[in-house]
>>> print(open('structure18.json').read())   # JSON, C-alpha atoms
[["chain", "number", "residue", "atom", "x", "y", "z"],
["E", 101, "MET", "CA", -11.25, -18.34, 35.34],
["E", 102, "ASN", "CA", -12.71, -14.89, 35.96],
["E", 103, "TRP", "CA", -12.52, -12.11, 33.40],
["E", 104, "THR", "CA", -12.70, -8.36, 33.71],
["E", 105, "GLU", "CA", -15.25, -6.90, 31.34],
["E", 106, "VAL", "CA", -14.43, -3.39, 30.17],
["E", 107, "SER", "CA", -17.23, -1.43, 28.54],
["E", 108, "VAL", "CA", -16.33, 1.60, 26.45],
["E", 109, "THR", "CA", -19.21, 3.88, 25.50],
["E", 110, "VAL", "CA", -18.60, 6.14, 22.50],
["E", 111, "PRO", "CA", -20.64, 8.10, 19.93],
["E", 112, "THR", "CA", -21.86, 5.76, 17.19],
["E", 113, "ASP", "CA", -20.06, 7.74, 14.48],
["E", 114, "ARG", "CA", -16.72, 6.96, 16.18],
["E", 115, "THR", "CA", -17.42, 3.26, 16.80],
["E", 116, "ASP", "CA", -15.07, 1.77, 14.19],
["E", 117, "GLU", "CA", -12.15, 3.96, 15.21],
["E", 118, "ALA", "CA", -12.70, 3.21, 18.91],
["E", 119, "ALA", "CA", -13.08, -0.51, 18.17],
["E", 120, "ALA", "CA", -9.73, -0.53, 16.36],
["E", 121, "ILE", "CA", -8.11, 0.97, 19.47],
["E", 122, "ALA", "CA", -9.95, -1.47, 21.75],
["E", 123, "ASN", "CA", -8.82, -4.44, 19.66],
["E", 124, "MET", "CA", -5.20, -3.52, 20.30],
["E", 125, "THR", "CA", -5.66, -4.24, 24.02],
["E", 126, "VAL", "CA", -6.54, -7.93, 23.58],
["E", 127, "PRO", "CA", -5.47, -10.75, 21.23],
["E", 128, "TYR", "CA", -9.00, -12.16, 21.23],
["E", 129, "GLY", "CA", -12.46, -10.76, 20.61],
["E", 130, "ILE", "CA", -14.50, -7.71, 21.38],
["E", 131, "TYR", "CA", -18.17, -7.24, 20.69],
["E", 132, "ILE", "CA", -20.07, -4.08, 19.97],
["E", 133, "GLU", "CA", -23.57, -2.93, 20.85],
["E", 134, "ASP", "CA", -24.68, -0.47, 18.19],
["E", 135, "TYR", "CA", -28.40, 0.15, 17.80],
["E", 136, "SER", "CA", -28.18, 3.10, 15.39],
["E", 137, "GLU", "CA", -29.51, 0.98, 12.50],
["E", 138, "LEU", "CA", -31.72, -1.31, 14.59],
["E", 139, "GLU", "CA", -34.86, -1.28, 12.44],
["E", 140, "ASN", "CA", -32.99, -1.70, 9.16],
["E", 141, "ASP", "CA", -30.77, -4.48, 10.55],
["E", 142, "ALA", "CA", -33.77, -6.32, 11.94],
["E", 143, "ILE", "CA", -35.32, -6.46, 8.48],
["E", 144, "GLN", "CA", -32.15, -7.10, 6.46],
["E", 145, "ILE", "CA", -30.48, -9.62, 8.78],
["E", 146, "ALA", "CA", -33.14, -11.18, 10.98],
["E", 147, "HIS", "CA", -35.99, -10.68, 8.46],
["E", 148, "ILE", "CA", -38.36, -9.43, 11.15],
["E", 149, "ASP", "CA", -40.22, -6.17, 11.62],
["E", 150, "LEU", "CA", -41.39, -6.74, 15.22],
["E", 151, "ILE", "CA", -38.72, -5.59, 17.65],
["E", 152, "ASP", "CA", -38.65, -6.05, 21.41],
["E", 153, "GLU", "CA", -39.46, -2.88, 23.35],
["E", 154, "GLU", "CA", -36.30, -3.21, 25.41],
["E", 155, "LEU", "CA", -34.22, -3.02, 22.22],
["E", 156, "LEU", "CA", -36.25, -0.11, 20.89],
["E", 157, "ALA", "CA", -35.44, 1.81, 24.08],
["E", 158, "LYS", "CA", -31.67, 1.52, 23.50],
["E", 159, "ASN", "CA", -29.63, 4.69, 22.92],
["E", 160, "ARG", "CA", -29.19, 5.16, 19.15],
["E", 161, "GLU", "CA", -26.48, 7.81, 19.51],
["E", 162, "LYS", "CA", -24.05, 5.77, 21.62],
["E", 163, "SER", "CA", -22.46, 2.37, 21.06],
["E", 164, "ILE", "CA", -20.83, 0.16, 23.68],
["E", 165, "ILE", "CA", -17.63, -1.77, 22.99],
["E", 166, "HIS", "CA", -17.14, -4.75, 25.31],
["E", 167, "ILE", "CA", -13.61, -5.99, 25.97],
["E", 168, "TYR", "CA", -12.67, -9.00, 28.11],
["E", 169, "LEU", "CA", -9.35, -9.17, 29.96],
["E", 170, "SER", "CA", -8.15, -12.41, 31.57],
["E", 171, "LYS", "CA", -7.09, -12.56, 35.22],
["E", 172, "ASP", "CA", -3.46, -12.59, 34.04],
["E", 173, "ALA", "CA", -3.82, -9.28, 32.22],
["E", 174, "ASN", "CA", -2.78, -5.96, 33.73],
["E", 175, "VAL", "CA", -6.22, -4.39, 33.84],
["E", 176, "PHE", "CA", -5.01, -1.00, 35.04],
["E", 177, "GLU", "CA", -2.44, -0.83, 32.24],
["E", 178, "SER", "CA", -5.09, -1.76, 29.68],
["E", 179, "LEU", "CA", -7.47, 0.89, 31.02],
["E", 180, "ALA", "CA", -4.68, 3.49, 30.95],
["E", 181, "TYR", "CA", -3.89, 2.53, 27.35],
["E", 182, "LEU", "CA", -7.54, 2.87, 26.33],
["E", 183, "ARG", "CA", -7.89, 6.26, 27.98],
["E", 184, "GLU", "CA", -4.68, 7.54, 26.40],
["E", 185, "ARG", "CA", -5.44, 6.35, 22.85],
["E", 186, "LEU", "CA", -9.11, 7.34, 22.90],
["E", 187, "SER", "CA", -8.23, 10.79, 24.24],
["E", 188, "ALA", "CA", -5.46, 11.21, 21.67],
["E", 189, "ALA", "CA", -7.97, 10.38, 18.92],
["E", 190, "GLY", "CA", -10.37, 13.00, 20.24],
["E", 191, "ILE", "CA", -13.10, 10.45, 20.93],
["E", 192, "ASP", "CA", -15.62, 11.25, 23.67],
["E", 193, "PHE", "CA", -15.86, 8.13, 25.84],
["E", 194, "SER", "CA", -16.71, 6.64, 29.22],
["E", 195, "LEU", "CA", -15.22, 3.46, 30.72],
["E", 196, "ASN", "CA", -16.71, 0.88, 33.04],
["E", 197, "ASP", "CA", -15.29, -2.45, 34.21],
["E", 198, "GLN", "CA", -16.65, -5.44, 36.10],
["E", 199, "THR", "CA", -15.65, -9.05, 36.68],
["E", 200, "VAL", "CA", -17.51, -11.81, 34.86],
["E", 201, "ASP", "CA", -17.14, -15.60, 34.91],
["E", 202, "ASP", "CA", -16.30, -17.90, 31.99],
["E", 203, "ALA", "CA", -19.83, -19.27, 32.08],
["E", 204, "ASP", "CA", -21.20, -15.85, 31.10],
["E", 205, "TRP", "CA", -18.94, -15.40, 28.06],
["E", 206, "ASN", "CA", -20.92, -17.40, 25.52],
["E", 207, "GLU", "CA", -24.19, -15.99, 26.81],
["E", 208, "ASN", "CA", -22.91, -12.51, 26.05],
["E", 209, "TRP", "CA", -21.97, -13.57, 22.50],
["E", 210, "LYS", "CA", -25.42, -15.11, 21.98],
["E", 211, "LYS", "CA", -27.13, -11.79, 22.62],
["E", 212, "TYR", "CA", -25.42, -10.01, 19.74],
["E", 213, "PHE", "CA", -24.20, -12.60, 17.22],
["E", 214, "LYS", "CA", -26.85, -13.43, 14.60],
["E", 215, "ALA", "CA", -26.74, -15.18, 11.21],
["E", 216, "PHE", "CA", -25.91, -13.07, 8.15],
["E", 217, "LYS", "CA", -24.76, -13.28, 4.51],
["E", 218, "ILE", "CA", -21.38, -12.27, 3.11],
["E", 219, "GLY", "CA", -20.49, -11.72, -0.55],
["E", 220, "GLU", "CA", -22.14, -13.87, -3.19],
["E", 221, "LYS", "CA", -21.47, -17.34, -1.77],
["E", 222, "LEU", "CA", -21.07, -17.28, 2.00],
["E", 223, "ALA", "CA", -23.17, -17.02, 5.13],
["E", 224, "VAL", "CA", -22.15, -17.14, 8.79],
["E", 225, "CYS", "CA", -24.42, -18.71, 11.35],
["E", 226, "PRO", "CA", -23.89, -19.02, 15.11],
["E", 227, "SER", "CA", -23.63, -22.65, 16.17],
["E", 228, "TRP", "CA", -26.68, -22.24, 18.40],
["E", 229, "GLU", "CA", -28.93, -21.06, 15.53],
["E", 230, "THR", "CA", -30.13, -22.39, 12.18],
["E", 231, "PHE", "CA", -29.87, -20.57, 8.85],
["E", 232, "ASP", "CA", -32.63, -20.55, 6.25],
["E", 233, "ASN", "CA", -30.37, -21.22, 3.27],
["E", 234, "LYS", "CA", -32.69, -20.33, 0.42],
["E", 235, "ASP", "CA", -29.80, -19.13, -1.75],
["E", 236, "GLY", "CA", -27.75, -22.32, -1.44],
["E", 237, "ARG", "CA", -24.85, -20.49, 0.18],
["E", 238, "THR", "CA", -21.81, -22.04, 1.83],
["E", 239, "VAL", "CA", -22.67, -21.74, 5.53],
["E", 240, "ILE", "CA", -19.99, -21.36, 8.19],
["E", 241, "SER", "CA", -21.24, -22.54, 11.60],
["E", 242, "LEU", "CA", -19.33, -20.59, 14.22],
["E", 243, "ASP", "CA", -18.95, -20.32, 17.97],
["E", 244, "PRO", "CA", -16.36, -17.55, 18.52],
["E", 245, "GLY", "CA", -15.97, -18.16, 22.24],
["E", 246, "ALA", "CA", -13.30, -15.71, 23.38],
["E", 247, "ALA", "CA", -11.74, -15.38, 19.92],
["E", 248, "PHE", "CA", -12.06, -12.54, 17.41],
["E", 249, "GLY", "CA", -13.79, -13.24, 14.12],
["E", 250, "THR", "CA", -17.52, -13.63, 13.70],
["E", 251, "GLY", "CA", -17.38, -12.24, 10.16],
["E", 252, "SER", "CA", -19.61, -9.32, 11.06],
["E", 253, "HIS", "CA", -16.70, -6.91, 11.47],
["E", 254, "ALA", "CA", -15.87, -5.11, 8.24],
["E", 255, "THR", "CA", -12.24, -6.32, 8.26],
["E", 256, "THR", "CA", -13.26, -9.98, 8.34],
["E", 257, "SER", "CA", -16.06, -9.65, 5.82],
["E", 258, "LEU", "CA", -13.66, -7.96, 3.36],
["E", 259, "CYS", "CA", -11.33, -10.97, 3.59],
["E", 260, "LEU", "CA", -14.15, -13.47, 3.21],
["E", 261, "ALA", "CA", -15.49, -11.70, 0.11],
["E", 262, "GLU", "CA", -12.03, -11.88, -1.52],
["E", 263, "LEU", "CA", -11.49, -15.50, -0.55],
["E", 264, "GLU", "CA", -14.64, -16.63, -2.31],
["E", 265, "ASN", "CA", -13.26, -15.20, -5.56],
["E", 266, "ILE", "CA", -9.85, -16.90, -5.53],
["E", 267, "VAL", "CA", -10.18, -20.23, -3.69],
["E", 268, "ASN", "CA", -10.30, -23.41, -5.79],
["E", 269, "ASP", "CA", -9.86, -27.14, -5.18],
["E", 270, "ASP", "CA", -6.05, -26.95, -5.36],
["E", 271, "THR", "CA", -5.69, -23.99, -3.01],
["E", 272, "THR", "CA", -3.56, -24.10, 0.12],
["E", 273, "VAL", "CA", -4.20, -21.34, 2.67],
["E", 274, "LEU", "CA", -2.24, -19.79, 5.55],
["E", 275, "ASP", "CA", -4.32, -17.66, 7.93],
["E", 276, "ILE", "CA", -2.12, -15.50, 10.18],
["E", 277, "GLY", "CA", -3.97, -14.25, 13.25],
["E", 278, "THR", "CA", -6.68, -16.85, 12.78],
["E", 279, "GLY", "CA", -8.81, -15.95, 15.83],
["E", 280, "SER", "CA", -11.98, -18.05, 15.64],
["E", 281, "GLY", "CA", -10.59, -19.75, 12.52],
["E", 282, "ILE", "CA", -13.27, -18.22, 10.32],
["E", 283, "LEU", "CA", -11.06, -17.42, 7.30],
["E", 284, "ALA", "CA", -9.32, -20.81, 7.23],
["E", 285, "ILE", "CA", -12.61, -22.63, 7.69],
["E", 286, "ALA", "CA", -14.36, -20.55, 5.03],
["E", 287, "ALA", "CA", -11.58, -21.37, 2.55],
["E", 288, "LEU", "CA", -11.93, -25.08, 3.27],
["E", 289, "LEU", "CA", -15.71, -24.98, 2.92],
["E", 290, "LEU", "CA", -15.22, -23.20, -0.41],
["E", 291, "GLY", "CA", -13.12, -26.17, -1.55],
["E", 292, "ALA", "CA", -9.52, -25.41, -0.55],
["E", 293, "LYS", "CA", -7.23, -28.43, -0.29],
["E", 294, "SER", "CA", -5.79, -27.46, 3.10],
["E", 295, "ALA", "CA", -5.50, -24.56, 5.52],
["E", 296, "VAL", "CA", -3.17, -23.65, 8.36],
["E", 297, "GLY", "CA", -4.18, -21.07, 10.95],
["E", 298, "VAL", "CA", -1.81, -19.48, 13.44],
["E", 299, "ASP", "CA", -2.53, -17.23, 16.39],
["E", 300, "ILE", "CA", -0.55, -15.72, 19.24],
["E", 301, "ASP", "CA", -3.38, -16.60, 21.64],
["E", 302, "ALA", "CA", -3.64, -20.26, 22.68],
["E", 303, "LEU", "CA", -7.35, -19.91, 23.44],
["E", 304, "SER", "CA", -8.00, -18.77, 19.87],
["E", 305, "VAL", "CA", -6.17, -21.82, 18.52],
["E", 306, "GLU", "CA", -8.35, -24.09, 20.66],
["E", 307, "THR", "CA", -11.50, -22.27, 19.53],
["E", 308, "ALA", "CA", -10.50, -22.45, 15.85],
["E", 309, "LEU", "CA", -9.97, -26.21, 16.04],
["E", 310, "LYS", "CA", -13.39, -26.71, 17.64],
["E", 311, "ASN", "CA", -14.95, -24.64, 14.86],
["E", 312, "ALA", "CA", -13.14, -26.70, 12.22],
["E", 313, "VAL", "CA", -14.57, -29.87, 13.78],
["E", 314, "ARG", "CA", -18.00, -28.25, 13.91],
["E", 315, "ASN", "CA", -17.82, -27.53, 10.17],
["E", 316, "GLY", "CA", -16.47, -30.97, 9.21],
["E", 317, "VAL", "CA", -13.13, -29.69, 7.87],
["E", 318, "ALA", "CA", -10.75, -30.58, 10.70],
["E", 319, "GLU", "CA", -8.98, -33.27, 8.68],
["E", 320, "ARG", "CA", -7.78, -30.58, 6.23],
["E", 321, "ALA", "CA", -6.99, -27.96, 8.87],
["E", 322, "GLU", "CA", -4.10, -27.31, 11.23],
["E", 323, "PHE", "CA", -4.00, -24.61, 13.90],
["E", 324, "ILE", "CA", -0.74, -23.46, 15.46],
["E", 325, "HIS", "CA", 0.02, -21.37, 18.54],
["E", 326, "GLY", "CA", 2.70, -18.81, 17.64],
["E", 327, "ASP", "CA", 3.57, -15.24, 16.74],
["E", 328, "LEU", "CA", 2.82, -14.46, 13.08],
["E", 329, "ALA", "CA", 4.42, -17.20, 10.93],
["E", 330, "GLU", "CA", 7.35, -18.05, 13.21],
["E", 331, "ARG", "CA", 6.30, -21.71, 13.54],
["E", 332, "VAL", "CA", 4.97, -22.13, 10.00],
["E", 333, "THR", "CA", 6.68, -24.08, 7.22],
["E", 334, "GLY", "CA", 5.97, -24.43, 3.51],
["E", 335, "LYS", "CA", 4.57, -22.12, 0.83],
["E", 336, "TYR", "CA", 0.91, -21.34, 0.23],
["E", 337, "ASP", "CA", -1.37, -20.24, -2.60],
["E", 338, "ILE", "CA", -3.13, -17.74, -0.34],
["E", 339, "VAL", "CA", -1.88, -16.04, 2.81],
["E", 340, "CYS", "CA", -4.43, -14.07, 4.85],
["E", 341, "ALA", "CA", -3.65, -11.62, 7.63],
["E", 342, "ASN", "CA", -6.63, -9.88, 9.23],
["E", 343, "ILE", "CA", -4.73, -8.01, 11.93],
["E", 344, "VAL", "CA", -3.83, -4.39, 12.67],
["E", 345, "ALA", "CA", -1.78, -2.07, 10.45],
["E", 346, "ASP", "CA", 1.41, -2.14, 12.51],
["E", 347, "VAL", "CA", 1.50, -5.94, 12.51],
["E", 348, "VAL", "CA", 0.70, -6.08, 8.79],
["E", 349, "ILE", "CA", 3.65, -3.80, 8.11],
["E", 350, "ARG", "CA", 5.91, -6.05, 10.22],
["E", 351, "LEU", "CA", 4.58, -9.11, 8.39],
["E", 352, "PHE", "CA", 5.69, -7.75, 5.00],
["E", 353, "GLU", "CA", 9.33, -8.27, 5.99],
["E", 354, "ASN", "CA", 9.23, -12.06, 5.57],
["E", 355, "VAL", "CA", 5.76, -13.14, 4.40],
["E", 356, "LYS", "CA", 7.06, -13.78, 0.86],
["E", 357, "ASN", "CA", 8.87, -16.80, 2.31],
["E", 358, "TYR", "CA", 5.46, -18.43, 2.80],
["E", 359, "MET", "CA", 3.94, -17.48, -0.57],
["E", 360, "LYS", "CA", 4.13, -19.46, -3.78],
["E", 361, "ASP", "CA", 5.48, -17.47, -6.74],
["E", 362, "ASP", "CA", 1.98, -16.85, -8.10],
["E", 363, "GLY", "CA", 0.34, -16.78, -4.66],
["E", 364, "TYR", "CA", -1.97, -14.15, -3.21],
["E", 365, "LEU", "CA", -1.65, -12.15, 0.00],
["E", 366, "ILE", "CA", -4.78, -10.67, 1.58],
["E", 367, "VAL", "CA", -4.17, -8.11, 4.34],
["E", 368, "SER", "CA", -6.95, -6.47, 6.29],
["E", 369, "GLY", "CA", -7.66, -4.87, 9.67],
["E", 370, "ILE", "CA", -6.38, -1.53, 8.38],
["E", 371, "ILE", "CA", -8.22, 1.57, 9.57],
["E", 372, "ASP", "CA", -8.40, 4.34, 6.97],
["E", 373, "ILE", "CA", -5.97, 6.63, 8.79],
["E", 374, "ARG", "CA", -3.27, 3.94, 8.42],
["E", 375, "ALA", "CA", -3.99, 2.95, 4.81],
["E", 376, "ASP", "CA", -1.23, 5.15, 3.37],
["E", 377, "ASP", "CA", 1.32, 3.65, 5.79],
["E", 378, "VAL", "CA", 0.40, 0.19, 4.57],
["E", 379, "ARG", "CA", 0.54, 1.30, 0.91],
["E", 380, "ALA", "CA", 4.05, 2.60, 1.51],
["E", 381, "ALA", "CA", 5.09, -0.72, 3.03],
["E", 382, "ILE", "CA", 3.53, -2.61, 0.10],
["E", 383, "GLU", "CA", 5.69, -0.63, -2.32],
["E", 384, "LYS", "CA", 8.80, -0.84, -0.14],
["E", 385, "HIS", "CA", 8.65, -4.64, 0.05],
["E", 386, "GLY", "CA", 7.92, -5.16, -3.64],
["E", 387, "PHE", "CA", 4.31, -6.30, -3.64],
["E", 388, "LYS", "CA", 1.88, -5.65, -6.47],
["E", 389, "THR", "CA", -1.58, -4.42, -5.51],
["E", 390, "ILE", "CA", -4.19, -6.41, -7.43],
["E", 391, "LYS", "CA", -7.19, -4.94, -5.68],
["E", 392, "THR", "CA", -8.05, -2.48, -2.91],
["E", 393, "VAL", "CA", -11.40, -2.91, -1.17],
["E", 394, "THR", "CA", -13.02, -0.82, 1.53],
["E", 395, "LYS", "CA", -15.95, -1.13, 3.88],
["E", 396, "GLU", "CA", -16.96, 1.58, 6.30],
["E", 397, "GLU", "CA", -13.60, 2.96, 7.54],
["E", 398, "TRP", "CA", -11.59, -0.21, 6.86],
["E", 399, "TYR", "CA", -9.24, -1.23, 4.07],
["E", 400, "ALA", "CA", -8.10, -4.59, 2.71],
["E", 401, "PHE", "CA", -5.52, -5.20, -0.01],
["E", 402, "LEU", "CA", -5.24, -8.17, -2.37],
["E", 403, "LEU", "CA", -1.56, -8.48, -3.30],
["E", 404, "LYS", "CA", 0.92, -10.57, -5.24],
["E", 405, "LYS", "CA", 4.71, -10.71, -5.23]]
>>> encode(input="structure18.json", output="structure tokens")
Amino acid sequence: MNWTEVSVTVPTDRTDEAAAIANMTVPYGIYIEDYSELENDAIQIAHIDLIDEELLAKNREKSIIHIYLSKDANVFESLAYLRERLSAAGIDFSLNDQTVDDADWNENWKKYFKAFKIGEKLAVCPSWETFDNKDGRTVISLDPGAAFGTGSHATTSLCLAELENIVNDDTTVLDIGTGSGILAIAALLLGAKSAVGVDIDALSVETALKNAVRNGVAERAEFIHGDLAERVTGKYDIVCANIVADVVIRLFENVKNYMKDDGYLIVSGIIDIRADDVRAAIEKHGFKTIKTVTKEEWYAFLLKK
């Protein structure tokens, strides 16, 4: 299958806002080139201070958001949507698109996805790399393929940091909008009894299962193709939803049906300009906010009934 790659170039200080808009065009992943903190990231993440000259020559004032659209997608509609939403947000941008083959997808990921630590207990490592685990962290080996969720995006890292605080050996987890499966797999590696992940994109479900096998947790995991929780049964100790604000608000209408009485709900993927809308929905549907966490321009809420 061929894919259309859409590249959106924006000022680095508008990257998160533009990425949130870009993510609404696809049910799977995007990746971002942002070299504004290149030297610091090289030291903090890769633990090196010698950087390739080609990287040093990259524009520090612009970032590039890469989006992939399948051959079945309406590319012109997606481009029109991007132009309309980016213009409405007052973001200076330029668009470029080209066709790429499946074989190039993973190579593109490999250029920009590197190992890193999250919270106090976790680390994420691409499946094609090794992680020097001096701190004895729980390491998630991940190949995102075409699915969203490497853990490097603020929305995902917020969820992971909360999961490590509330998962125990008796925990059952439902991950709505599972993407690469990273949240479900992290919970299982942290000791959860079982985890179910659901995603509207069949390719994400396939990717999540492969990642569960890669991490040795497939026997405790189930991944379902469906919209939100429409094909899910049972009640769970923790429900996670790392999606966009509008879908989170829609989820509130019936998510209690899948939560145990003392269960937790973690919602993320909420850009700061939509945080008040989500707070209003939390109150409307009778949830109690246990904790609000932020990173960059993103919000996550830890809730109970």
>>> residues_near_point(input="structure18.json", point="(-0.9, -21.6, 5.7)", cutoff="6 Å", atoms="only C-alpha atoms", output="ChimeraX atom specification")
/E:273-275,295-296,336
>>> atom_distance(input="structure18.json", atom1="atom CA of E:Ala261", atom2="atom CA of E:Gly316")
21.3 Å
>>> residues_around(input="structure18.json", residues="E:Val108", least_positions_apart="4", cutoff="6 Å", atoms="all atoms listed in the file", output="short mmCIF file (atom, residue, chain, number, x, y, z; two decimals) with C-alpha atoms, in the coordinates of the input")
data_model
loop_
_atom_site.label_atom_id
_atom_site.label_comp_id
_atom_site.auth_asym_id
_atom_site.auth_seq_id
_atom_site.Cartn_x
_atom_site.Cartn_y
_atom_site.Cartn_z
CA ILE E 164 -20.83 0.16 23.68
CA ILE E 165 -17.63 -1.77 22.99
CA SER E 194 -16.71 6.64 29.22
CA LEU E 195 -15.22 3.46 30.72
#
>>> atom_distance(input="structure18.json", atom1="atom CA of E:Asp113", atom2="atom CA of E:Glu161")
8.2 Å
>>> atom_distance(input="structure18.json", atom1="atom CA of E:Leu186", atom2="atom CA of E:Ala118")
6.8 Å
>>> closest_residue(input="structure18.json", among="E:Ile276, E:Ala119, E:Ile366, E:Ile324", to="E:His253", atoms="only C-alpha atoms")
E:Ala119
